[in-house]
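**Student:** First the structure, which I've put down as structure tokens, then a few questions once you've had a look.
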Amino acid sequence: MEPQLITVPPFVAFTLAILLLFVGKNLTTRSELLRRYSIPEPVIGGFVCAATVAILYYGFGRQVEFELQVRDILLLYFFAGIGLKSDIKSLLNGGKPLFILLGLASGFIIVQNAMAMGVAGAFGLDPKAGLMSGSISLTGGVGTTIAWAPRFVSELGIANAMELGIASNTMGLIAACVIGGPIARYLIQRHNIEPSDDHELDIGVSHGDGEQGQLSYYGFLWAWLWLNITLMLGYGLNEALEEAGVNLPTFVSCLMAGIVISNVARALKKAPGRWQAQGQMGLALISDVCLGMFLTMALMGLKLWELEGLLGYISVAVGLQITLSILFTILLVYRFMGRNYDAVVISAGFGGITLGSTATAIVNMTAVARQYGASHQAFIIVPLVCGFFIDIVNAIVIGFFVGL
């Protein structure tokens with residue numbers, strides 16, 4: 001018997017996401033354990049919802065689907081805010097680390113796919129079916145999965161390619177949400193890393209600051225104005241790039257637009273002193289809320305029952321990928337990114353690059369920064385690697401493995 005479908009309209013889904021984010025923040029405030037391991041607040045509320053929806057599905061025959069259209073605009077606001085807080089000097093200084101991180105992520109994709117094909121072969125599947133549990137679904141995410149699955153069905157005869165990819169992405173996303181904080185804590189304690197003494201976070205406020213910051217009406221409005229201007233420029237930039245044959249995720253265009261606006265204003269010395277500090281606080285607050293809401297809504301939309309029937313293979317395949325990501329991060333990423341606090345924060349986000357999504361990487365880094373202090377370099381190079389360069393590399397590597 002087919003479960004009864006219950007569709008939750010966008011406004012109700014958005015309101016529920018606010019409530020769930022409150023749940024996550026409240027539980028984090030009350031739990032020293034959650035703060036110690038830097039478990040992101042949106043993850044807690046999102047998991048509560050996903051688990052409840054799964055209970056309704058299995059126990060009561062009700063399939064709840066949320067209409068989450070507003071989720072994507074929240075991501076654009078978030079990356080626009082990151083761009084507006086950037087400094088071109090930091091970007092130039094971060095040039096070498098950016099390419100090192102890109103090289104590490106590219107190398108990981110190759111190993112990731114080789115392992116995925118090996119596991120699929122061990123389970124008696126077409127080895128190329130393993131790619132749907134490799135970089136297609138884990139590094140690439142849902143969008144890459146949807147793009148490649150029809151080709152796997154029509155050209156390779158792998159009928160359940162879409163199901164393999166979606167199930168793998170679901171498990172990878174869940175894992176990516178929870179491994180970043182513990183990895184950061186381990187590296188800090190193992191290598192006696194001094195936390196950052198910079199508490200001017202790129203996103204949100206430190207745990208100890210709570211709601212003590214004094215943000216004025218005009219400071220918030222100033223930040224909102226420039227975010228909207230940045231989004232308009234970002235949309236225009238994205239359309240211009242598409243006409244030139246360059247396809248980028250819209251959030252990358254908004255990030256680039258924010259970087260341009262911020263640094264042109266600095267060069268012209270046009271940043272108004274009266275509202276500059278308040279505007280920065282406003283950007284941090286709005287970015288924090290948008291990121292939290294985005295990830296909460298992403299986890300709300302998980303359909304855990306889609307793992308059914310594939311649980312054995314997916315558990316082994318993705319479990320090995322999670323282990324590989326953790327070991328690769330601890331042994332290589334931390335070392336080659338400088339063995340310092342910035343390397344720790346980047347390591348916290350690496351699981352988002354390899355198992356989840358750009359938003360997952362950033363929310364893990366945000367949780368670590370709240371606990372231990374700011375890392376401005378990490379919040380510039382990780383989004384650029386996640387949102388732009390790695391997609392190009394991934395497409396090339398996937399094409400190579402498919403053609404074997």
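Scheme for the structure tokens: letters A, B, ... for chains in order shown; per-chain residue numbers from 1; ligand numbers from 1 in order shown.
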For range 249-261 of chain A, work out the shell of residues within 7 Å, counting only C-alpha atoms and skipping chain neighbours fewer than 2 positions away, then give it as number ranges by chain.

**Tutor:** A: 75-76, 79-84, 86, 230-231, 233-235, 237-238, 247, 263-265, 387-388

**Student:** Quick one: residues within 6 Å of Gly24 in chain A, only C-alpha atoms, excluding same-chain residues fewer than 2 positions away - as a compact mmCIF listing (two decimals) with N, CA and C atoms, in the first residue's frame?

**Tutor:**
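Below you can see around.txt, which holds the result:
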# COMPACT_ATOMS: atom_id res chain seq x y z
N LEU A 21 15.63 25.17 14.10
CA LEU A 21 16.90 25.81 14.39
C LEU A 21 16.96 26.26 15.84
N PHE A 22 15.82 26.72 16.38
CA PHE A 22 15.74 27.04 17.80
C PHE A 22 16.03 25.80 18.65
N ASN A 26 19.11 25.57 21.19
CA ASN A 26 18.81 25.37 22.60
C ASN A 26 19.53 24.14 23.15
N LEU A 27 19.51 23.05 22.38
CA LEU A 27 20.18 21.83 22.83
C LEU A 27 21.69 22.03 22.89
N GLU A 41 24.67 23.35 15.06
CA GLU A 41 23.31 23.47 15.60
C GLU A 41 22.23 23.06 14.60
N PRO A 42 22.33 23.46 13.31
CA PRO A 42 21.29 23.06 12.36
C PRO A 42 21.17 21.55 12.18
N ILE A 44 21.34 19.27 14.44
CA ILE A 44 20.52 18.66 15.50
C ILE A 44 19.04 18.81 15.18
N GLY A 45 18.61 20.05 14.89
CA GLY A 45 17.21 20.26 14.54
C GLY A 45 16.80 19.53 13.28

**Student:** Range 146-149 of chain A: which residues within 8 Å, counting only C-alpha atoms, same-chain residues fewer than 5 positions away excluded, as a short mmCIF file (atom, residue, chain, number, x, y, z; two decimals) with C-alpha atoms, in the first residue's frame?

**Tutor:**
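Output saved as around.cif:
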data_model
loop_
_atom_site.label_atom_id
_atom_site.label_comp_id
_atom_site.auth_asym_id
_atom_site.auth_seq_id
_atom_site.Cartn_x
_atom_site.Cartn_y
_atom_site.Cartn_z
CA MET A 132 27.44 6.45 -8.09
CA ILE A 136 29.38 11.53 -8.34
CA ALA A 161 21.93 4.23 -10.74
CA MET A 162 19.72 7.04 -9.44
CA GLY A 165 23.46 7.87 -5.98
#

**Student:** Give me every helix (DSSP H, G or I) residue in range 210-337 of chain A, going by DSSP on the backbone, as an MDAnalysis selection string.

**Tutor:** chainID A and resid 217:243 250:268 273:300 304:307 311:336

**Student:** Between A:Ser325, A:Gly61, A:Leu33, A:Gln371, which one has atoms that come closest to Ile179 in chain A, using only C-alpha atoms?

**Tutor:**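 Among A:Ser325, A:Gly61, A:Leu33, A:Gln371, it is A:Ser325 that comes nearest to Ile179 in chain A.
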
**Student:** From the list A:Val368, A:Ile381, A:Val53, A:Ile398, which residue is nearest Ile188 in chain A when using only C-alpha atoms?

**Tutor:**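 Ranked by minimum distance to Ile188 in chain A, first place goes to A:Val368.
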
**Student:** When you look at Thr15 in chain A with a cut-off of 12 Å (counting only C-alpha atoms), what residues show up, excluding the ones that are within fewer than 5 positions of it in the same chain? I need them as an MDAnalysis selection string.

**Tutor:** chainID A and resid 8:10 20:22 66:68 70:71 293 296:297

**Student:** Rank A:Tyr341, A:Phe47, A:Phe294, A:Trp305 by their smallest atom-to-atom distance to Ser357 in chain A, using only C-alpha atoms, and report the top residue only.

**Tutor:**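 Comparing A:Tyr341, A:Phe47, A:Phe294, A:Trp305 against Ser357 in chain A, the winner is A:Phe294.
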
**Student:** Just how far from CA of Gly181 in chain A is CA of Ser375 in chain A, in Å to one decimal?

**Tutor:** 14.5 Å
